[in-house]
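Okay, upload32.pdb now, which holds PDB, N, CA and C atoms:
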```pdb
ATOM      1  N   MET A   1      -2.659  27.879 -26.272
ATOM      2  CA  MET A   1      -2.695  28.319 -24.888
ATOM      3  C   MET A   1      -2.831  29.840 -24.855
ATOM      4  N   SER A   2      -3.803  30.329 -24.135
ATOM      5  CA  SER A   2      -4.057  31.758 -24.050
ATOM      6  C   SER A   2      -3.426  32.320 -22.782
ATOM      7  N   LEU A   3      -2.686  33.395 -22.937
ATOM      8  CA  LEU A   3      -2.051  34.041 -21.788
ATOM      9  C   LEU A   3      -2.914  35.212 -21.327
ATOM     10  N   PRO A   4      -2.888  35.523 -20.026
ATOM     11  CA  PRO A   4      -3.694  36.648 -19.528
ATOM     12  C   PRO A   4      -3.148  37.979 -20.018
ATOM     13  N   ALA A   5      -4.000  38.967 -20.030
ATOM     14  CA  ALA A   5      -3.590  40.313 -20.424
ATOM     15  C   ALA A   5      -2.653  40.897 -19.374
ATOM     16  N   CYS A   6      -1.863  41.854 -19.770
ATOM     17  CA  CYS A   6      -0.914  42.517 -18.867
ATOM     18  C   CYS A   6      -1.685  43.243 -17.758
ATOM     19  N   PRO A   7      -1.349  42.985 -16.482
ATOM     20  CA  PRO A   7      -2.056  43.676 -15.399
ATOM     21  C   PRO A   7      -1.705  45.158 -15.303
ATOM     22  N   ASN A   8      -0.631  45.566 -15.957
ATOM     23  CA  ASN A   8      -0.191  46.957 -15.895
ATOM     24  C   ASN A   8      -0.873  47.827 -16.948
ATOM     25  N   CYS A   9      -0.890  47.349 -18.214
ATOM     26  CA  CYS A   9      -1.443  48.168 -19.300
ATOM     27  C   CYS A   9      -2.586  47.492 -20.058
ATOM     28  N   GLN A  10      -2.969  46.277 -19.670
ATOM     29  CA  GLN A  10      -4.049  45.499 -20.281
ATOM     30  C   GLN A  10      -3.769  45.089 -21.726
ATOM     31  N   SER A  11      -2.497  45.074 -22.132
ATOM     32  CA  SER A  11      -2.137  44.644 -23.479
ATOM     33  C   SER A  11      -2.352  43.143 -23.616
ATOM     34  N   GLU A  12      -2.774  42.718 -24.795
ATOM     35  CA  GLU A  12      -2.991  41.297 -25.025
ATOM     36  C   GLU A  12      -1.779  40.625 -25.661
ATOM     37  N   TYR A  13      -0.734  41.393 -25.979
ATOM     38  CA  TYR A  13       0.458  40.858 -26.641
ATOM     39  C   TYR A  13       1.502  40.449 -25.611
ATOM     40  N   VAL A  14       1.174  39.467 -24.793
ATOM     41  CA  VAL A  14       2.041  38.999 -23.717
ATOM     42  C   VAL A  14       2.732  37.724 -24.166
ATOM     43  N   TYR A  15       4.009  37.579 -23.776
ATOM     44  CA  TYR A  15       4.702  36.326 -24.064
ATOM     45  C   TYR A  15       5.359  35.803 -22.800
ATOM     46  N   GLN A  16       5.689  34.493 -22.828
ATOM     47  CA  GLN A  16       6.238  33.838 -21.652
ATOM     48  C   GLN A  16       7.734  33.625 -21.824
ATOM     49  N   ASP A  17       8.485  33.898 -20.747
ATOM     50  CA  ASP A  17       9.913  33.630 -20.697
ATOM     51  C   ASP A  17      10.172  32.854 -19.420
ATOM     52  N   GLN A  18      10.314  31.546 -19.538
ATOM     53  CA  GLN A  18      10.430  30.608 -18.423
ATOM     54  C   GLN A  18       9.200  30.743 -17.526
ATOM     55  N   SER A  19       9.363  31.150 -16.269
ATOM     56  CA  SER A  19       8.198  31.241 -15.383
ATOM     57  C   SER A  19       7.578  32.641 -15.378
ATOM     58  N   GLN A  20       8.202  33.601 -16.031
ATOM     59  CA  GLN A  20       7.726  34.979 -16.059
ATOM     60  C   GLN A  20       6.891  35.253 -17.312
ATOM     61  N   LEU A  21       5.944  36.159 -17.191
ATOM     62  CA  LEU A  21       5.219  36.687 -18.346
ATOM     63  C   LEU A  21       5.711  38.112 -18.580
ATOM     64  N   ILE A  22       5.860  38.487 -19.848
ATOM     65  CA  ILE A  22       6.424  39.793 -20.190
ATOM     66  C   ILE A  22       5.510  40.493 -21.181
ATOM     67  N   CYS A  23       5.314  41.787 -20.948
ATOM     68  CA  CYS A  23       4.525  42.617 -21.863
ATOM     69  C   CYS A  23       5.491  43.423 -22.727
ATOM     70  N   PRO A  24       5.443  43.270 -24.056
ATOM     71  CA  PRO A  24       6.356  44.022 -24.918
ATOM     72  C   PRO A  24       6.001  45.504 -25.041
ATOM     73  N   GLU A  25       4.782  45.880 -24.697
ATOM     74  CA  GLU A  25       4.368  47.275 -24.843
ATOM     75  C   GLU A  25       4.828  48.158 -23.691
ATOM     76  N   CYS A  26       4.760  47.643 -22.443
ATOM     77  CA  CYS A  26       5.158  48.481 -21.299
ATOM     78  C   CYS A  26       6.354  47.901 -20.545
ATOM     79  N   ALA A  27       6.867  46.745 -21.004
ATOM     80  CA  ALA A  27       8.028  46.070 -20.412
ATOM     81  C   ALA A  27       7.781  45.593 -18.986
ATOM     82  N   PHE A  28       6.530  45.365 -18.628
ATOM     83  CA  PHE A  28       6.196  44.864 -17.293
ATOM     84  C   PHE A  28       6.406  43.357 -17.267
ATOM     85  N   GLU A  29       7.049  42.863 -16.191
ATOM     86  CA  GLU A  29       7.275  41.433 -16.012
ATOM     87  C   GLU A  29       6.604  40.996 -14.724
ATOM     88  N   TRP A  30       5.971  39.805 -14.746
ATOM     89  CA  TRP A  30       5.320  39.306 -13.546
ATOM     90  C   TRP A  30       5.244  37.794 -13.584
ATOM     91  N   ASN A  31       5.067  37.222 -12.404
ATOM     92  CA  ASN A  31       4.876  35.786 -12.272
ATOM     93  C   ASN A  31       3.366  35.554 -12.154
ATOM     94  N   PRO A  32       2.769  34.800 -13.063
ATOM     95  CA  PRO A  32       1.310  34.633 -13.037
ATOM     96  C   PRO A  32       0.806  33.946 -11.769
ATOM     97  N   ASP A  33       1.632  33.108 -11.123
ATOM     98  CA  ASP A  33       1.218  32.445  -9.891
ATOM     99  C   ASP A  33       1.076  33.450  -8.749
ATOM    100  N   GLU A  34       1.970  34.438  -8.685
ATOM    101  CA  GLU A  34       1.900  35.460  -7.635
ATOM    102  C   GLU A  34       0.711  36.384  -7.829
ATOM    103  N   VAL A  35       0.384  36.706  -9.061
ATOM    104  CA  VAL A  35      -0.757  37.578  -9.349
ATOM    105  C   VAL A  35      -2.053  36.880  -8.959
ATOM    106  N   ALA A  36      -2.163  35.583  -9.219
ATOM    107  CA  ALA A  36      -3.386  34.848  -8.881
ATOM    108  C   ALA A  36      -3.623  34.865  -7.374
ATOM    109  N   GLU A  37      -2.557  34.741  -6.576
ATOM    110  CA  GLU A  37      -2.710  34.780  -5.126
ATOM    111  C   GLU A  37      -3.041  36.192  -4.641
ATOM    112  N   ALA A  38      -2.496  37.206  -5.283
ATOM    113  CA  ALA A  38      -2.740  38.584  -4.872
ATOM    114  C   ALA A  38      -4.173  39.016  -5.156
ATOM    115  N   GLU A  39      -4.834  38.381  -6.151
ATOM    116  CA  GLU A  39      -6.191  38.755  -6.515
ATOM    117  C   GLU A  39      -7.240  38.152  -5.591
ATOM    118  N   LYS A  40      -6.856  37.225  -4.718
ATOM    119  CA  LYS A  40      -7.816  36.617  -3.808
ATOM    120  C   LYS A  40      -8.340  37.665  -2.848
ATOM    121  N   VAL A  41      -9.635  37.662  -2.669
ATOM    122  CA  VAL A  41     -10.296  38.633  -1.814
ATOM    123  C   VAL A  41     -10.510  38.020  -0.436
ATOM    124  N   ILE A  42     -10.111  38.742   0.600
ATOM    125  CA  ILE A  42     -10.312  38.289   1.971
ATOM    126  C   ILE A  42     -11.418  39.132   2.580
ATOM    127  N   VAL A  43     -12.529  38.461   2.926
ATOM    128  CA  VAL A  43     -13.684  39.159   3.475
ATOM    129  C   VAL A  43     -14.090  38.458   4.762
ATOM    130  N   LYS A  44     -14.380  39.254   5.801
ATOM    131  CA  LYS A  44     -14.809  38.710   7.088
ATOM    132  C   LYS A  44     -16.215  39.198   7.411
ATOM    133  N   ASP A  45     -16.962  38.342   8.127
ATOM    134  CA  ASP A  45     -18.323  38.709   8.499
ATOM    135  C   ASP A  45     -18.332  39.543   9.772
ATOM    136  N   ALA A  46     -19.497  39.771  10.350
ATOM    137  CA  ALA A  46     -19.647  40.609  11.543
ATOM    138  C   ALA A  46     -18.900  40.043  12.746
ATOM    139  N   ASN A  47     -18.702  38.720  12.784
ATOM    140  CA  ASN A  47     -18.000  38.086  13.892
ATOM    141  C   ASN A  47     -16.522  37.876  13.620
ATOM    142  N   GLY A  48     -16.034  38.263  12.455
ATOM    143  CA  GLY A  48     -14.628  38.092  12.113
ATOM    144  C   GLY A  48     -14.318  36.762  11.446
ATOM    145  N   THR A  49     -15.326  35.997  11.081
ATOM    146  CA  THR A  49     -15.133  34.717  10.406
ATOM    147  C   THR A  49     -14.877  34.951   8.923
ATOM    148  N   LEU A  50     -13.890  34.243   8.357
ATOM    149  CA  LEU A  50     -13.604  34.375   6.935
ATOM    150  C   LEU A  50     -14.754  33.812   6.114
ATOM    151  N   LEU A  51     -15.109  34.521   5.060
ATOM    152  CA  LEU A  51     -16.175  34.094   4.159
ATOM    153  C   LEU A  51     -15.576  33.638   2.831
ATOM    154  N   ALA A  52     -16.262  32.733   2.154
ATOM    155  CA  ALA A  52     -15.846  32.249   0.844
ATOM    156  C   ALA A  52     -17.068  32.185  -0.068
ATOM    157  N   GLU A  53     -16.812  32.114  -1.367
ATOM    158  CA  GLU A  53     -17.912  31.994  -2.324
ATOM    159  C   GLU A  53     -18.643  30.692  -2.076
ATOM    160  N   GLY A  54     -19.967  30.738  -2.099
ATOM    161  CA  GLY A  54     -20.789  29.562  -1.856
ATOM    162  C   GLY A  54     -21.233  29.415  -0.414
ATOM    163  N   ASP A  55     -20.678  30.226   0.497
ATOM    164  CA  ASP A  55     -21.082  30.160   1.902
ATOM    165  C   ASP A  55     -22.512  30.643   2.077
ATOM    166  N   LYS A  56     -23.187  30.064   3.057
ATOM    167  CA  LYS A  56     -24.525  30.516   3.422
ATOM    168  C   LYS A  56     -24.384  31.479   4.592
ATOM    169  N   VAL A  57     -25.057  32.610   4.503
ATOM    170  CA  VAL A  57     -24.986  33.635   5.538
ATOM    171  C   VAL A  57     -26.388  34.072   5.922
ATOM    172  N   THR A  58     -26.496  34.722   7.096
ATOM    173  CA  THR A  58     -27.748  35.341   7.518
ATOM    174  C   THR A  58     -27.469  36.800   7.828
ATOM    175  N   LEU A  59     -28.465  37.637   7.654
ATOM    176  CA  LEU A  59     -28.292  39.061   7.932
ATOM    177  C   LEU A  59     -28.231  39.292   9.434
ATOM    178  N   ALA A  60     -27.307  40.138   9.868
ATOM    179  CA  ALA A  60     -27.101  40.408  11.284
ATOM    180  C   ALA A  60     -27.923  41.598  11.759
ATOM    181  N   LYS A  61     -28.513  42.350  10.831
ATOM    182  CA  LYS A  61     -29.380  43.477  11.191
ATOM    183  C   LYS A  61     -30.336  43.762  10.051
ATOM    184  N   ASP A  62     -31.376  44.543  10.330
ATOM    185  CA  ASP A  62     -32.319  44.941   9.289
ATOM    186  C   ASP A  62     -31.607  45.873   8.313
ATOM    187  N   LEU A  63     -31.801  45.648   7.025
ATOM    188  CA  LEU A  63     -31.164  46.475   5.998
ATOM    189  C   LEU A  63     -32.211  47.038   5.051
ATOM    190  N   LYS A  64     -32.144  48.336   4.794
ATOM    191  CA  LYS A  64     -33.008  48.964   3.803
ATOM    192  C   LYS A  64     -32.351  48.796   2.442
ATOM    193  N   VAL A  65     -33.157  48.478   1.428
ATOM    194  CA  VAL A  65     -32.653  48.323   0.072
ATOM    195  C   VAL A  65     -32.727  49.673  -0.613
ATOM    196  N   LYS A  66     -31.577  50.134  -1.150
ATOM    197  CA  LYS A  66     -31.541  51.439  -1.815
ATOM    198  C   LYS A  66     -32.493  51.473  -3.005
ATOM    199  N   GLY A  67     -33.209  52.557  -3.155
ATOM    200  CA  GLY A  67     -34.112  52.740  -4.285
ATOM    201  C   GLY A  67     -35.389  51.937  -4.191
ATOM    202  N   SER A  68     -35.689  51.432  -3.011
ATOM    203  CA  SER A  68     -36.875  50.606  -2.838
ATOM    204  C   SER A  68     -37.415  50.804  -1.427
ATOM    205  N   SER A  69     -38.646  50.423  -1.213
ATOM    206  CA  SER A  69     -39.214  50.485   0.131
ATOM    207  C   SER A  69     -39.017  49.164   0.867
ATOM    208  N   LEU A  70     -38.326  48.225   0.229
ATOM    209  CA  LEU A  70     -38.088  46.901   0.789
ATOM    210  C   LEU A  70     -37.091  46.965   1.944
ATOM    211  N   VAL A  71     -37.368  46.246   3.028
ATOM    212  CA  VAL A  71     -36.455  46.118   4.160
ATOM    213  C   VAL A  71     -36.171  44.640   4.356
ATOM    214  N   LEU A  72     -34.892  44.282   4.338
ATOM    215  CA  LEU A  72     -34.487  42.898   4.596
ATOM    216  C   LEU A  72     -34.350  42.729   6.098
ATOM    217  N   LYS A  73     -35.088  41.797   6.658
ATOM    218  CA  LYS A  73     -35.140  41.609   8.107
ATOM    219  C   LYS A  73     -33.949  40.812   8.612
ATOM    220  N   ILE A  74     -33.621  41.008   9.894
ATOM    221  CA  ILE A  74     -32.557  40.267  10.548
ATOM    222  C   ILE A  74     -32.871  38.768  10.466
ATOM    223  N   GLY A  75     -31.867  37.953  10.181
ATOM    224  CA  GLY A  75     -32.060  36.516  10.069
ATOM    225  C   GLY A  75     -32.387  36.033   8.670
ATOM    226  N   THR A  76     -32.560  36.945   7.715
ATOM    227  CA  THR A  76     -32.826  36.550   6.331
ATOM    228  C   THR A  76     -31.610  35.805   5.792
ATOM    229  N   LYS A  77     -31.840  34.688   5.115
ATOM    230  CA  LYS A  77     -30.751  33.857   4.615
ATOM    231  C   LYS A  77     -30.330  34.302   3.221
ATOM    232  N   ALA A  78     -29.043  34.104   2.926
ATOM    233  CA  ALA A  78     -28.493  34.431   1.615
ATOM    234  C   ALA A  78     -27.343  33.476   1.307
ATOM    235  N   VAL A  79     -27.009  33.375   0.029
ATOM    236  CA  VAL A  79     -25.880  32.570  -0.423
ATOM    237  C   VAL A  79     -24.933  33.485  -1.184
ATOM    238  N   ILE A  80     -23.638  33.426  -0.851
ATOM    239  CA  ILE A  80     -22.638  34.264  -1.513
ATOM    240  C   ILE A  80     -22.318  33.671  -2.877
ATOM    241  N   LYS A  81     -22.560  34.459  -3.941
ATOM    242  CA  LYS A  81     -22.254  34.016  -5.295
ATOM    243  C   LYS A  81     -20.867  34.457  -5.724
ATOM    244  N   ARG A  82     -20.458  35.670  -5.293
ATOM    245  CA  ARG A  82     -19.180  36.228  -5.717
ATOM    246  C   ARG A  82     -18.731  37.233  -4.675
ATOM    247  N   MET A  83     -17.413  37.351  -4.501
ATOM    248  CA  MET A  83     -16.865  38.346  -3.585
ATOM    249  C   MET A  83     -15.990  39.302  -4.382
ATOM    250  N   ALA A  84     -16.014  40.583  -4.007
ATOM    251  CA  ALA A  84     -15.235  41.585  -4.715
ATOM    252  C   ALA A  84     -14.677  42.590  -3.724
ATOM    253  N   ASN A  85     -13.558  43.196  -4.090
ATOM    254  CA  ASN A  85     -13.009  44.276  -3.280
ATOM    255  C   ASN A  85     -13.769  45.537  -3.644
ATOM    256  N   GLY A  86     -14.623  45.957  -2.775
ATOM    257  CA  GLY A  86     -15.408  47.155  -3.038
ATOM    258  C   GLY A  86     -15.430  48.043  -1.819
ATOM    259  N   LYS A  87     -15.600  49.330  -2.051
ATOM    260  CA  LYS A  87     -15.658  50.269  -0.933
ATOM    261  C   LYS A  87     -16.903  50.037  -0.092
ATOM    262  N   ASP A  88     -18.042  49.897  -0.754
ATOM    263  CA  ASP A  88     -19.302  49.795  -0.036
ATOM    264  C   ASP A  88     -19.770  48.361   0.161
ATOM    265  N   HIS A  89     -19.785  47.586  -0.896
ATOM    266  CA  HIS A  89     -20.350  46.242  -0.844
ATOM    267  C   HIS A  89     -19.333  45.221  -1.330
ATOM    268  N   GLN A  90     -19.111  44.178  -0.531
ATOM    269  CA  GLN A  90     -18.134  43.164  -0.895
ATOM    270  C   GLN A  90     -18.765  41.874  -1.402
ATOM    271  N   LEU A  91     -20.008  41.616  -1.073
ATOM    272  CA  LEU A  91     -20.631  40.334  -1.367
ATOM    273  C   LEU A  91     -21.747  40.467  -2.392
ATOM    274  N   ASP A  92     -21.683  39.645  -3.431
ATOM    275  CA  ASP A  92     -22.764  39.541  -4.404
ATOM    276  C   ASP A  92     -23.546  38.299  -3.996
ATOM    277  N   CYS A  93     -24.744  38.496  -3.461
ATOM    278  CA  CYS A  93     -25.510  37.400  -2.842
ATOM    279  C   CYS A  93     -26.850  37.181  -3.529
ATOM    280  N   LYS A  94     -27.368  35.968  -3.338
ATOM    281  CA  LYS A  94     -28.752  35.663  -3.693
ATOM    282  C   LYS A  94     -29.499  35.619  -2.373
ATOM    283  N   VAL A  95     -30.311  36.639  -2.128
ATOM    284  CA  VAL A  95     -31.024  36.795  -0.864
ATOM    285  C   VAL A  95     -32.414  36.188  -0.989
ATOM    286  N   ASP A  96     -32.804  35.372   0.001
ATOM    287  CA  ASP A  96     -34.130  34.754  -0.003
ATOM    288  C   ASP A  96     -35.215  35.828  -0.013
ATOM    289  N   GLY A  97     -36.138  35.745  -0.949
ATOM    290  CA  GLY A  97     -37.264  36.662  -1.028
ATOM    291  C   GLY A  97     -36.958  37.987  -1.687
ATOM    292  N   ALA A  98     -35.679  38.249  -2.032
ATOM    293  CA  ALA A  98     -35.337  39.536  -2.627
ATOM    294  C   ALA A  98     -34.542  39.398  -3.919
ATOM    295  N   GLY A  99     -33.961  38.243  -4.171
ATOM    296  CA  GLY A  99     -33.190  38.046  -5.395
ATOM    297  C   GLY A  99     -31.726  38.399  -5.220
ATOM    298  N   ASP A 100     -31.058  38.719  -6.333
ATOM    299  CA  ASP A 100     -29.629  39.018  -6.326
ATOM    300  C   ASP A 100     -29.390  40.465  -5.915
ATOM    301  N   MET A 101     -28.422  40.665  -5.022
ATOM    302  CA  MET A 101     -28.039  42.021  -4.628
ATOM    303  C   MET A 101     -26.683  42.024  -3.957
ATOM    304  N   MET A 102     -26.093  43.199  -3.876
ATOM    305  CA  MET A 102     -24.802  43.381  -3.214
ATOM    306  C   MET A 102     -25.052  43.707  -1.743
ATOM    307  N   VAL A 103     -24.244  43.092  -0.862
ATOM    308  CA  VAL A 103     -24.397  43.269   0.570
ATOM    309  C   VAL A 103     -23.033  43.560   1.183
ATOM    310  N   THR A 104     -22.999  44.414   2.182
ATOM    311  CA  THR A 104     -21.755  44.696   2.915
ATOM    312  C   THR A 104     -21.484  43.562   3.881
ATOM    313  N   ALA A 105     -20.240  43.098   3.930
ATOM    314  CA  ALA A 105     -19.874  41.916   4.716
ATOM    315  C   ALA A 105     -20.077  42.116   6.220
ATOM    316  N   GLN A 106     -19.964  43.343   6.713
ATOM    317  CA  GLN A 106     -20.096  43.563   8.156
ATOM    318  C   GLN A 106     -21.522  43.401   8.649
ATOM    319  N   PHE A 107     -22.499  43.239   7.747
ATOM    320  CA  PHE A 107     -23.893  43.084   8.140
ATOM    321  C   PHE A 107     -24.392  41.650   8.008
ATOM    322  N   VAL A 108     -23.488  40.683   7.798
ATOM    323  CA  VAL A 108     -23.887  39.275   7.701
ATOM    324  C   VAL A 108     -23.103  38.426   8.686
ATOM    325  N   LYS A 109     -23.672  37.255   9.005
ATOM    326  CA  LYS A 109     -22.992  36.259   9.829
ATOM    327  C   LYS A 109     -23.022  34.943   9.085
ATOM    328  N   LYS A 110     -21.913  34.202   9.132
ATOM    329  CA  LYS A 110     -21.825  32.917   8.453
ATOM    330  C   LYS A 110     -22.748  31.914   9.126
ATOM    331  N   SER A 111     -23.507  31.166   8.322
ATOM    332  CA  SER A 111     -24.389  30.116   8.841
ATOM    333  C   SER A 111     -23.663  28.782   8.758
ATOM    334  N   SER A 112     -24.090  27.855   9.581
ATOM    335  CA  SER A 112     -23.459  26.525   9.517
ATOM    336  C   SER A 112     -24.332  25.550   8.774
TER
END
```

Can I see the file as structure tokens?
Amino acid sequence: MSLPACPNCQSEYVYQDQSQLICPECAFEWNPDEVAEAEKVIVKDANGTLLAEGDKVTLAKDLKVKGSSLVLKIGTKAVIKRMANGKDHQLDCKVDGAGDMMVTAQFVKKSS
């Protein structure tokens, strides 16, 4: 059984004591169930609807692609592959006609 690395110092020498995991290098103790819930990313679209991985979305406005002359038009469909806590872009999407790219959540609307 492989235990996760220490979230405090990234040490791989972690051991389990009942329900807690303990790092011998920095003496950090944590409950792995609480850390898993804390890592969940909460992202909302332009209308305030919660988004999840695998959701289908459409662009709510025209977006210019950085470093390219390409413009993604309003209504372009995309599928969310991964969500991340990021300053600029929260959604890693597969956009129709453009491929994989990062998109800011406030510029999409969830499709049904």

Evaluate the PyMOL selection byres ((chain A and resi 20) around 8) and report residues as a PyMOL selection string | chain A and resi 15-19+21-23+29-32

Could you tell me which of A:Met83, A:Val14, A:Val71, A:Cys93 comes closest to Ala52 of chain A if we count only N, CA and C atoms?
-> A:Met83

If you run DSSP on this backbone, which residues of chain A come out as alpha helix (DSSP H), and could you give them as a compact mmCIF listing (two decimals) with N, CA and C atoms, in the frame of the given file?
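Final output, saved to out-v9.txt:
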```txt
# COMPACT_ATOMS: atom_id res chain seq x y z
N PRO A 32 2.77 34.80 -13.06
CA PRO A 32 1.31 34.63 -13.04
C PRO A 32 0.81 33.95 -11.77
N ASP A 33 1.63 33.11 -11.12
CA ASP A 33 1.22 32.44 -9.89
C ASP A 33 1.08 33.45 -8.75
N GLU A 34 1.97 34.44 -8.68
CA GLU A 34 1.90 35.46 -7.64
C GLU A 34 0.71 36.38 -7.83
N VAL A 35 0.38 36.71 -9.06
CA VAL A 35 -0.76 37.58 -9.35
C VAL A 35 -2.05 36.88 -8.96
N ALA A 36 -2.16 35.58 -9.22
CA ALA A 36 -3.39 34.85 -8.88
C ALA A 36 -3.62 34.86 -7.37
N GLU A 37 -2.56 34.74 -6.58
CA GLU A 37 -2.71 34.78 -5.13
C GLU A 37 -3.04 36.19 -4.64
N ALA A 38 -2.50 37.21 -5.28
CA ALA A 38 -2.74 38.58 -4.87
C ALA A 38 -4.17 39.02 -5.16
```

May I have the residues within 8 Å of Ser11 of chain A as a ChimeraX atom specification, using only C-alpha atoms and disregarding those fewer than 4 positions away in the same chain?
-> /A:5-6,23,25

Using all atoms listed in the file, which residue out of A:Val65, A:Ala78, A:Val57, A:Leu3 lies closest to Asp96 of chain A?
->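 Looking at the shortest contact to Asp96 of chain A, the residue is A:Ala78.
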
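When atom N of Ala105 of chain A is paired with atom N of Ala84 of chain A, their separation reads 9.3 Å.
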
Using only N, CA and C atoms, pick whichever of A:Glu53, A:Asn47, A:Pro24, A:Gly99 has the shortest atom-to-atom distance to Arg82 of chain A.
->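 Checking each candidate against Arg82 of chain A, we get A:Glu53 as the closest.
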
Could you state which residues are captured by the PyMOL selection byres ((chain A and resi 41-46) around 6) in this file, as a ChimeraX atom specification?
-> /A:39-40,47-51,105-110

Computed interatomic separation between atom CA of Ile74 of chain A and atom N of Thr104 of chain A (Å) |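 Distance between the two atoms: 13.4 Å.
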
Closest of A:Phe28, A:Val103, A:Asp33, A:Lys94 to Ala60 of chain A, counting only C-alpha atoms, is A:Val103

For the atom pair atom C of Leu59 of chain A and atom C of Gly86 of chain A, what is the interatomic distance in Å to one decimal place?
->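 Value for the atom C of Leu59 of chain A-atom C of Gly86 of chain A distance: 19.2 Å.
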
Assuming 8 Å of padding per side, give the centre and edge lengths of the axis-aligned box around every listed atom of segment 61-80 of chain A, in Å to one decimal and as JSON.
```
{"center_x": -30.8, "center_y": 42.7, "center_z": 3.5, "size_x": 32.9, "size_y": 36.2, "size_z": 31.5}
```

As a PDB file with N, CA and C atoms, in the frame of the given file, please: the residues near Ser111 of chain A (cut-off 8 Å, all atoms listed in the file, same-chain neighbours under 4 positions excluded).
```pdb
ATOM      1  N   ASP A  55     -20.678  30.226   0.497  1.00  0.00           N
ATOM      2  CA  ASP A  55     -21.082  30.160   1.902  1.00  0.00           C
ATOM      3  C   ASP A  55     -22.512  30.643   2.077  1.00  0.00           C
ATOM      4  N   LYS A  56     -23.187  30.064   3.057  1.00  0.00           N
ATOM      5  CA  LYS A  56     -24.525  30.516   3.422  1.00  0.00           C
ATOM      6  C   LYS A  56     -24.384  31.479   4.592  1.00  0.00           C
ATOM      7  N   VAL A  57     -25.057  32.610   4.503  1.00  0.00           N
ATOM      8  CA  VAL A  57     -24.986  33.635   5.538  1.00  0.00           C
ATOM      9  C   VAL A  57     -26.388  34.072   5.922  1.00  0.00           C
ATOM     10  N   THR A  58     -26.496  34.722   7.096  1.00  0.00           N
ATOM     11  CA  THR A  58     -27.748  35.341   7.518  1.00  0.00           C
ATOM     12  C   THR A  58     -27.469  36.800   7.828  1.00  0.00           C
TER      13      THR A  58
END
```

Which of these residues is nearest to Lys73 of chain A, using all atoms listed in the file: A:Ala27, A:Lys61, A:Pro4, A:Val95?
-> A:Lys61

Taking the chain letters and numbering used in this document, name the residues of segment 66-109 of chain A that DSSP puts in strand (DSSP E), as a short mmCIF file (atom, residue, chain, number, x, y, z; two decimals) with N, CA and C atoms, in the coordinates of the input.
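Listing of part-v9.cif after writing:
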```cif
data_model
loop_
_atom_site.label_atom_id
_atom_site.label_comp_id
_atom_site.auth_asym_id
_atom_site.auth_seq_id
_atom_site.Cartn_x
_atom_site.Cartn_y
_atom_site.Cartn_z
N VAL A 71 -37.37 46.25 3.03
CA VAL A 71 -36.46 46.12 4.16
C VAL A 71 -36.17 44.64 4.36
N LEU A 72 -34.89 44.28 4.34
CA LEU A 72 -34.49 42.90 4.60
C LEU A 72 -34.35 42.73 6.10
N LYS A 77 -31.84 34.69 5.12
CA LYS A 77 -30.75 33.86 4.62
C LYS A 77 -30.33 34.30 3.22
N ALA A 78 -29.04 34.10 2.93
CA ALA A 78 -28.49 34.43 1.62
C ALA A 78 -27.34 33.48 1.31
N VAL A 79 -27.01 33.38 0.03
CA VAL A 79 -25.88 32.57 -0.42
C VAL A 79 -24.93 33.48 -1.18
N ILE A 80 -23.64 33.43 -0.85
CA ILE A 80 -22.64 34.26 -1.51
C ILE A 80 -22.32 33.67 -2.88
N LYS A 81 -22.56 34.46 -3.94
CA LYS A 81 -22.25 34.02 -5.30
C LYS A 81 -20.87 34.46 -5.72
N ARG A 82 -20.46 35.67 -5.29
CA ARG A 82 -19.18 36.23 -5.72
C ARG A 82 -18.73 37.23 -4.68
N MET A 83 -17.41 37.35 -4.50
CA MET A 83 -16.86 38.35 -3.58
C MET A 83 -15.99 39.30 -4.38
N LEU A 91 -20.01 41.62 -1.07
CA LEU A 91 -20.63 40.33 -1.37
C LEU A 91 -21.75 40.47 -2.39
N ASP A 92 -21.68 39.65 -3.43
CA ASP A 92 -22.76 39.54 -4.40
C ASP A 92 -23.55 38.30 -4.00
N CYS A 93 -24.74 38.50 -3.46
CA CYS A 93 -25.51 37.40 -2.84
C CYS A 93 -26.85 37.18 -3.53
N LYS A 94 -27.37 35.97 -3.34
CA LYS A 94 -28.75 35.66 -3.69
C LYS A 94 -29.50 35.62 -2.37
N VAL A 95 -30.31 36.64 -2.13
CA VAL A 95 -31.02 36.80 -0.86
C VAL A 95 -32.41 36.19 -0.99
N GLY A 99 -33.96 38.24 -4.17
CA GLY A 99 -33.19 38.05 -5.40
C GLY A 99 -31.73 38.40 -5.22
N ASP A 100 -31.06 38.72 -6.33
CA ASP A 100 -29.63 39.02 -6.33
C ASP A 100 -29.39 40.47 -5.92
N MET A 101 -28.42 40.66 -5.02
CA MET A 101 -28.04 42.02 -4.63
C MET A 101 -26.68 42.02 -3.96
N MET A 102 -26.09 43.20 -3.88
CA MET A 102 -24.80 43.38 -3.21
C MET A 102 -25.05 43.71 -1.74
N VAL A 103 -24.24 43.09 -0.86
CA VAL A 103 -24.40 43.27 0.57
C VAL A 103 -23.03 43.56 1.18
N VAL A 108 -23.49 40.68 7.80
CA VAL A 108 -23.89 39.28 7.70
C VAL A 108 -23.10 38.43 8.69
N LYS A 109 -23.67 37.26 9.01
CA LYS A 109 -22.99 36.26 9.83
C LYS A 109 -23.02 34.94 9.09
#
```
